[in-house]
Amino acid sequence: MHWRSIWILPNHPGVLPEWSRESTSSIISGLPTCAYFIGCLVGGLVLGSLADSYLGRKMLLVISCVVMSLGGGLSAFSTTMLAYSCLRFVSGIGRGSIMTCVLCLSTEIVGKRWRGHVSLIAFSFFTLGFLLLAATAYVLQDSSWRIVYVATTIPAFLYSMVVYFLVVDSPRWLFLHGNHEEAILVLVRLLQADLYSTKSLTSMFYRVRIVQETTDIANMYSAITHLVSKRWATQRVILVMMMGFGVALVYIGMPLGVGKLGLNIYLSVVSNALIEIPASVITFFLVNHLCRRSTILLLTTLSAIFSITCGIAHDKMEGWGIIGLELMSYFTACTAFDFFLMYVVELFPTCIRNTAVSLVRQGIAIGSVFSPIVVALGKDSSLLEYGILGLAIGLSGLLVVFLPETRGKMMCDTMEEQELMEIGSNDNGTRDLL
């Protein structure tokens, strides 16, 4: 939804021209986009932990989609730049925890063999939405930007209804919080189990009930307490937040700056959206065969090289030549982003997974907040813009060397289980938890 803030439909006054008297300065003109990403930051911090401790993955996903839809839909009725920015902020609050819930929910209802593939399916739908947004804007180019907002808000609201009535919650989360009967029903539904299998599942759950009830969560935000109580978990979150900031700066910043590269804005946006498809396809087929750490390091390094080269060659090349460099930097950043999000999900146990991924999303949101500012610097110096983007993703990728490898390992449910698994699978003891 955030791409709508930067588009001006050619045959109708856009957001900024309609309020030209209010948006004379670059700071004011960038306020709606920044407000949206700040809303994502706040929403992830406030709502993210609730999926671990109180609401669960499914209910938080539904609530977040409804809030995002309301904020987006009401934006169409804004009468001032301030009101528009406030509603973009509300929409961002809802958006902040959606991808986190989708990632955690989708990966917790499948085994490790399909974990990466399921994550990639979610990314593919994000790409599809990106393409449909460009198509919608093109079809409605003779209409008001307000119509575009209404048209793109309806699918999000319908999606929340589909999730509420048709999607099951995470059996891992349900079991961890003592909802054993509901967890059994979810597993039976997923496995299409017969009566004998149902009785076996019920017997197994009751045998381990005493162990699991020791992890019961007493308050809404206790998942954060669980996270900060372990030094390795805190350090791990900080590292991946920093990585998320650098990767997001390129992942968000590159599409925001495509309008300055000399091609039609629709063609440029569609090209960036289409490049995500091969990135997702490559990741889909290689996810079970490539180590997370080395792959992320390689991809972020390549993205940095292409980005800096794009900045150096910007004034010397034009047309598809410079677009090609930008697309290669964006392609490697997209692939790194796909691997990175899967990697983050695998780094933390169920009891804090949504909270940890939400905090990482905040690092991504912070990068998203700064990306329009970095792109704005490109008005005076393309080398400065693409140089910052390249250095950010290159340096953030180096942080992966301080994190453990997760490929082929099972997903744990408790902090103690995570520690025992990682200590038991390494000869270096607790040092490998960092």
# chains A, B, ... in the order shown; residues from 1 in each chain; ligands from 1
>>> select_by_dssp(residues="region 335-415 of chain A", states="alpha helix (DSSP H)", output="PDB file with N, CA and C atoms, in the first residue's frame")
ATOM      1  N   THR A 335      16.266 -11.338  -3.386  1.00  0.00           N
ATOM      2  CA  THR A 335      16.594 -12.714  -3.028  1.00  0.00           C
ATOM      3  C   THR A 335      17.169 -12.780  -1.615  1.00  0.00           C
ATOM      4  N   ALA A 336      18.023 -11.818  -1.284  1.00  0.00           N
ATOM      5  CA  ALA A 336      18.571 -11.753   0.080  1.00  0.00           C
ATOM      6  C   ALA A 336      17.458 -11.524   1.091  1.00  0.00           C
ATOM      7  N   PHE A 337      16.488 -10.687   0.737  1.00  0.00           N
ATOM      8  CA  PHE A 337      15.368 -10.393   1.628  1.00  0.00           C
ATOM      9  C   PHE A 337      14.539 -11.651   1.881  1.00  0.00           C
ATOM     10  N   ASP A 338      14.306 -12.447   0.823  1.00  0.00           N
ATOM     11  CA  ASP A 338      13.557 -13.700   0.972  1.00  0.00           C
ATOM     12  C   ASP A 338      14.279 -14.654   1.925  1.00  0.00           C
ATOM     13  N   PHE A 339      15.564 -14.863   1.685  1.00  0.00           N
ATOM     14  CA  PHE A 339      16.342 -15.750   2.546  1.00  0.00           C
ATOM     15  C   PHE A 339      16.426 -15.202   3.970  1.00  0.00           C
ATOM     16  N   PHE A 340      16.549 -13.903   4.084  1.00  0.00           N
ATOM     17  CA  PHE A 340      16.704 -13.276   5.399  1.00  0.00           C
ATOM     18  C   PHE A 340      15.464 -13.487   6.265  1.00  0.00           C
ATOM     19  N   LEU A 341      14.275 -13.275   5.703  1.00  0.00           N
ATOM     20  CA  LEU A 341      13.048 -13.436   6.487  1.00  0.00           C
ATOM     21  C   LEU A 341      12.841 -14.883   6.916  1.00  0.00           C
ATOM     22  N   MET A 342      13.151 -15.820   6.036  1.00  0.00           N
ATOM     23  CA  MET A 342      13.063 -17.233   6.428  1.00  0.00           C
ATOM     24  C   MET A 342      14.064 -17.546   7.537  1.00  0.00           C
ATOM     25  N   TYR A 343      15.243 -16.987   7.412  1.00  0.00           N
ATOM     26  CA  TYR A 343      16.310 -17.200   8.387  1.00  0.00           C
ATOM     27  C   TYR A 343      15.905 -16.687   9.763  1.00  0.00           C
ATOM     28  N   VAL A 344      15.289 -15.510   9.799  1.00  0.00           N
ATOM     29  CA  VAL A 344      14.858 -14.918  11.064  1.00  0.00           C
ATOM     30  C   VAL A 344      13.822 -15.798  11.757  1.00  0.00           C
ATOM     31  N   VAL A 345      12.861 -16.325  10.996  1.00  0.00           N
ATOM     32  CA  VAL A 345      11.831 -17.205  11.564  1.00  0.00           C
ATOM     33  C   VAL A 345      12.465 -18.432  12.209  1.00  0.00           C
ATOM     34  N   GLU A 346      13.528 -18.950  11.604  1.00  0.00           N
ATOM     35  CA  GLU A 346      14.166 -20.164  12.094  1.00  0.00           C
ATOM     36  C   GLU A 346      15.085 -19.926  13.287  1.00  0.00           C
ATOM     37  N   LEU A 347      15.424 -18.678  13.565  1.00  0.00           N
ATOM     38  CA  LEU A 347      16.392 -18.370  14.620  1.00  0.00           C
ATOM     39  C   LEU A 347      15.799 -18.394  16.022  1.00  0.00           C
ATOM     40  N   THR A 350       9.126 -20.834  19.319  1.00  0.00           N
ATOM     41  CA  THR A 350       7.735 -20.417  19.175  1.00  0.00           C
ATOM     42  C   THR A 350       7.307 -19.399  20.226  1.00  0.00           C
ATOM     43  N   CYS A 351       7.784 -19.549  21.458  1.00  0.00           N
ATOM     44  CA  CYS A 351       7.328 -18.683  22.558  1.00  0.00           C
ATOM     45  C   CYS A 351       7.674 -17.216  22.353  1.00  0.00           C
ATOM     46  N   ILE A 352       8.688 -16.913  21.537  1.00  0.00           N
ATOM     47  CA  ILE A 352       9.059 -15.516  21.281  1.00  0.00           C
ATOM     48  C   ILE A 352       9.188 -15.227  19.793  1.00  0.00           C
ATOM     49  N   ARG A 353       8.815 -16.182  18.951  1.00  0.00           N
ATOM     50  CA  ARG A 353       9.090 -16.034  17.507  1.00  0.00           C
ATOM     51  C   ARG A 353       8.417 -14.802  16.920  1.00  0.00           C
ATOM     52  N   ASN A 354       7.123 -14.631  17.166  1.00  0.00           N
ATOM     53  CA  ASN A 354       6.423 -13.493  16.574  1.00  0.00           C
ATOM     54  C   ASN A 354       6.954 -12.175  17.107  1.00  0.00           C
ATOM     55  N   THR A 355       7.292 -12.154  18.399  1.00  0.00           N
ATOM     56  CA  THR A 355       7.868 -10.939  18.988  1.00  0.00           C
ATOM     57  C   THR A 355       9.214 -10.614  18.358  1.00  0.00           C
ATOM     58  N   ALA A 356      10.066 -11.619  18.219  1.00  0.00           N
ATOM     59  CA  ALA A 356      11.380 -11.411  17.635  1.00  0.00           C
ATOM     60  C   ALA A 356      11.283 -10.969  16.179  1.00  0.00           C
ATOM     61  N   VAL A 357      10.432 -11.649  15.412  1.00  0.00           N
ATOM     62  CA  VAL A 357      10.272 -11.277  14.006  1.00  0.00           C
ATOM     63  C   VAL A 357       9.666  -9.882  13.894  1.00  0.00           C
ATOM     64  N   SER A 358       8.763  -9.518  14.820  1.00  0.00           N
ATOM     65  CA  SER A 358       8.190  -8.173  14.820  1.00  0.00           C
ATOM     66  C   SER A 358       9.264  -7.126  15.067  1.00  0.00           C
ATOM     67  N   LEU A 359      10.181  -7.404  15.993  1.00  0.00           N
ATOM     68  CA  LEU A 359      11.270  -6.464  16.253  1.00  0.00           C
ATOM     69  C   LEU A 359      12.174  -6.339  15.033  1.00  0.00           C
ATOM     70  N   VAL A 360      12.407  -7.452  14.358  1.00  0.00           N
ATOM     71  CA  VAL A 360      13.199  -7.397  13.130  1.00  0.00           C
ATOM     72  C   VAL A 360      12.469  -6.575  12.083  1.00  0.00           C
ATOM     73  N   ARG A 361      11.154  -6.753  12.022  1.00  0.00           N
ATOM     74  CA  ARG A 361      10.363  -5.940  11.096  1.00  0.00           C
ATOM     75  C   ARG A 361      10.466  -4.460  11.424  1.00  0.00           C
ATOM     76  N   GLN A 362      10.718  -4.144  12.707  1.00  0.00           N
ATOM     77  CA  GLN A 362      10.904  -2.745  13.064  1.00  0.00           C
ATOM     78  C   GLN A 362      12.212  -2.207  12.492  1.00  0.00           C
ATOM     79  N   GLY A 363      13.232  -3.065  12.502  1.00  0.00           N
ATOM     80  CA  GLY A 363      14.475  -2.676  11.836  1.00  0.00           C
ATOM     81  C   GLY A 363      14.226  -2.436  10.359  1.00  0.00           C
ATOM     82  N   ILE A 364      13.401  -3.292   9.749  1.00  0.00           N
ATOM     83  CA  ILE A 364      13.038  -3.112   8.352  1.00  0.00           C
ATOM     84  C   ILE A 364      12.227  -1.833   8.171  1.00  0.00           C
ATOM     85  N   ALA A 365      11.301  -1.571   9.111  1.00  0.00           N
ATOM     86  CA  ALA A 365      10.479  -0.359   9.034  1.00  0.00           C
ATOM     87  C   ALA A 365      11.327   0.895   9.170  1.00  0.00           C
ATOM     88  N   ILE A 366      12.329   0.863  10.059  1.00  0.00           N
ATOM     89  CA  ILE A 366      13.223   2.014  10.206  1.00  0.00           C
ATOM     90  C   ILE A 366      13.979   2.259   8.904  1.00  0.00           C
ATOM     91  N   GLY A 367      14.453   1.169   8.284  1.00  0.00           N
ATOM     92  CA  GLY A 367      15.093   1.309   6.978  1.00  0.00           C
ATOM     93  C   GLY A 367      14.138   1.885   5.959  1.00  0.00           C
ATOM     94  N   SER A 368      12.852   1.483   6.044  1.00  0.00           N
ATOM     95  CA  SER A 368      11.847   2.004   5.122  1.00  0.00           C
ATOM     96  C   SER A 368      11.593   3.490   5.354  1.00  0.00           C
ATOM     97  N   VAL A 369      11.645   3.921   6.618  1.00  0.00           N
ATOM     98  CA  VAL A 369      11.452   5.337   6.935  1.00  0.00           C
ATOM     99  C   VAL A 369      12.572   6.178   6.339  1.00  0.00           C
ATOM    100  N   PHE A 370      13.796   5.662   6.412  1.00  0.00           N
ATOM    101  CA  PHE A 370      14.941   6.423   5.911  1.00  0.00           C
ATOM    102  C   PHE A 370      15.103   6.321   4.403  1.00  0.00           C
ATOM    103  N   SER A 371      14.504   5.309   3.776  1.00  0.00           N
ATOM    104  CA  SER A 371      14.694   5.124   2.338  1.00  0.00           C
ATOM    105  C   SER A 371      14.202   6.310   1.504  1.00  0.00           C
ATOM    106  N   PRO A 372      13.029   6.923   1.796  1.00  0.00           N
ATOM    107  CA  PRO A 372      12.645   8.110   1.008  1.00  0.00           C
ATOM    108  C   PRO A 372      13.633   9.265   1.175  1.00  0.00           C
ATOM    109  N   ILE A 373      14.227   9.363   2.355  1.00  0.00           N
ATOM    110  CA  ILE A 373      15.201  10.426   2.590  1.00  0.00           C
ATOM    111  C   ILE A 373      16.453  10.189   1.754  1.00  0.00           C
ATOM    112  N   VAL A 374      16.907   8.939   1.724  1.00  0.00           N
ATOM    113  CA  VAL A 374      18.085   8.604   0.926  1.00  0.00           C
ATOM    114  C   VAL A 374      17.794   8.843  -0.553  1.00  0.00           C
ATOM    115  N   VAL A 375      16.596   8.454  -1.007  1.00  0.00           N
ATOM    116  CA  VAL A 375      16.218   8.666  -2.403  1.00  0.00           C
ATOM    117  C   VAL A 375      16.159  10.154  -2.723  1.00  0.00           C
ATOM    118  N   ALA A 376      15.686  10.960  -1.759  1.00  0.00           N
ATOM    119  CA  ALA A 376      15.626  12.410  -1.976  1.00  0.00           C
ATOM    120  C   ALA A 376      17.016  13.007  -2.178  1.00  0.00           C
ATOM    121  N   LEU A 377      18.016  12.403  -1.540  1.00  0.00           N
ATOM    122  CA  LEU A 377      19.389  12.879  -1.736  1.00  0.00           C
ATOM    123  C   LEU A 377      19.851  12.699  -3.174  1.00  0.00           C
ATOM    124  N   SER A 382      23.372  11.230  -7.565  1.00  0.00           N
ATOM    125  CA  SER A 382      23.004   9.818  -7.692  1.00  0.00           C
ATOM    126  C   SER A 382      24.041   8.926  -7.017  1.00  0.00           C
ATOM    127  N   LEU A 383      25.298   9.343  -7.063  1.00  0.00           N
ATOM    128  CA  LEU A 383      26.352   8.568  -6.417  1.00  0.00           C
ATOM    129  C   LEU A 383      26.135   8.505  -4.911  1.00  0.00           C
ATOM    130  N   LEU A 384      25.684   9.627  -4.325  1.00  0.00           N
ATOM    131  CA  LEU A 384      25.424   9.654  -2.894  1.00  0.00           C
ATOM    132  C   LEU A 384      24.274   8.707  -2.548  1.00  0.00           C
ATOM    133  N   GLU A 385      23.205   8.752  -3.343  1.00  0.00           N
ATOM    134  CA  GLU A 385      22.040   7.894  -3.088  1.00  0.00           C
ATOM    135  C   GLU A 385      22.398   6.417  -3.187  1.00  0.00           C
ATOM    136  N   TYR A 386      22.928   6.012  -4.331  1.00  0.00           N
ATOM    137  CA  TYR A 386      23.219   4.592  -4.538  1.00  0.00           C
ATOM    138  C   TYR A 386      24.436   4.129  -3.739  1.00  0.00           C
ATOM    139  N   GLY A 387      25.322   5.070  -3.420  1.00  0.00           N
ATOM    140  CA  GLY A 387      26.447   4.725  -2.561  1.00  0.00           C
ATOM    141  C   GLY A 387      26.002   4.382  -1.153  1.00  0.00           C
ATOM    142  N   ILE A 388      25.063   5.176  -0.614  1.00  0.00           N
ATOM    143  CA  ILE A 388      24.530   4.896   0.724  1.00  0.00           C
ATOM    144  C   ILE A 388      23.777   3.566   0.727  1.00  0.00           C
ATOM    145  N   LEU A 389      22.955   3.351  -0.301  1.00  0.00           N
ATOM    146  CA  LEU A 389      22.207   2.094  -0.382  1.00  0.00           C
ATOM    147  C   LEU A 389      23.150   0.894  -0.448  1.00  0.00           C
ATOM    148  N   GLY A 390      24.196   1.008  -1.254  1.00  0.00           N
ATOM    149  CA  GLY A 390      25.142  -0.091  -1.398  1.00  0.00           C
ATOM    150  C   GLY A 390      25.913  -0.382  -0.126  1.00  0.00           C
ATOM    151  N   LEU A 391      26.400   0.663   0.519  1.00  0.00           N
ATOM    152  CA  LEU A 391      27.147   0.469   1.767  1.00  0.00           C
ATOM    153  C   LEU A 391      26.252  -0.106   2.859  1.00  0.00           C
ATOM    154  N   ALA A 392      25.009   0.342   2.906  1.00  0.00           N
ATOM    155  CA  ALA A 392      24.086  -0.124   3.945  1.00  0.00           C
ATOM    156  C   ALA A 392      23.844  -1.626   3.837  1.00  0.00           C
ATOM    157  N   ILE A 393      23.518  -2.102   2.638  1.00  0.00           N
ATOM    158  CA  ILE A 393      23.217  -3.531   2.501  1.00  0.00           C
ATOM    159  C   ILE A 393      24.486  -4.371   2.571  1.00  0.00           C
ATOM    160  N   GLY A 394      25.607  -3.824   2.096  1.00  0.00           N
ATOM    161  CA  GLY A 394      26.857  -4.575   2.162  1.00  0.00           C
ATOM    162  C   GLY A 394      27.341  -4.779   3.585  1.00  0.00           C
ATOM    163  N   LEU A 395      27.325  -3.717   4.384  1.00  0.00           N
ATOM    164  CA  LEU A 395      27.792  -3.814   5.765  1.00  0.00           C
ATOM    165  C   LEU A 395      26.833  -4.631   6.623  1.00  0.00           C
ATOM    166  N   SER A 396      25.536  -4.485   6.382  1.00  0.00           N
ATOM    167  CA  SER A 396      24.567  -5.256   7.179  1.00  0.00           C
ATOM    168  C   SER A 396      24.685  -6.742   6.892  1.00  0.00           C
ATOM    169  N   GLY A 397      25.019  -7.103   5.660  1.00  0.00           N
ATOM    170  CA  GLY A 397      25.167  -8.515   5.319  1.00  0.00           C
ATOM    171  C   GLY A 397      26.318  -9.172   6.048  1.00  0.00           C
ATOM    172  N   LEU A 398      27.334  -8.402   6.388  1.00  0.00           N
ATOM    173  CA  LEU A 398      28.493  -8.956   7.097  1.00  0.00           C
ATOM    174  C   LEU A 398      28.139  -9.449   8.495  1.00  0.00           C
ATOM    175  N   MET A 415      12.398 -21.565  25.042  1.00  0.00           N
ATOM    176  CA  MET A 415      13.772 -21.054  25.113  1.00  0.00           C
ATOM    177  C   MET A 415      14.740 -22.162  25.508  1.00  0.00           C
TER     178      MET A 415
END
>>> atom_distance(atom1="CA of Gly94 (chain A)", atom2="CA of Cys40 (chain A)")
7.1 Å
>>> residues_around(residues="Ser119 (chain A)", least_positions_apart="5", cutoff="8 Å", atoms="only C-alpha atoms", output="PDB file with N, CA and C atoms, in the first residue's frame")
ATOM      1  N   LEU A 103       4.226 -14.933   8.156  1.00  0.00           N
ATOM      2  CA  LEU A 103       5.426 -15.771   8.181  1.00  0.00           C
ATOM      3  C   LEU A 103       5.368 -16.813   9.287  1.00  0.00           C
ATOM      4  N   SER A 106       2.356 -19.404   8.744  1.00  0.00           N
ATOM      5  CA  SER A 106       2.551 -20.331   7.630  1.00  0.00           C
ATOM      6  C   SER A 106       3.650 -21.344   7.907  1.00  0.00           C
ATOM      7  N   THR A 107       4.710 -20.931   8.602  1.00  0.00           N
ATOM      8  CA  THR A 107       5.821 -21.851   8.855  1.00  0.00           C
ATOM      9  C   THR A 107       5.558 -22.783  10.030  1.00  0.00           C
ATOM     10  N   MET A 342      13.151 -15.820   6.036  1.00  0.00           N
ATOM     11  CA  MET A 342      13.063 -17.233   6.428  1.00  0.00           C
ATOM     12  C   MET A 342      14.064 -17.546   7.537  1.00  0.00           C
TER      13      MET A 342
END
>>> closest_residue(among="A:Leu420, A:Val66, A:Ala233, A:Ile224", to="Ser53 (chain A)", atoms="only C-alpha atoms")
A:Ile224
>>> atom_distance(atom1="CA of Phe245 (chain A)", atom2="CA of Val400 (chain A)")
13.2 Å
>>> residues_around(residues="Leu47 (chain A)", least_positions_apart="3", cutoff="8 Å", atoms="only C-alpha atoms", output="PyMOL selection string")
chain A and resi 43-44+50-51+60+97
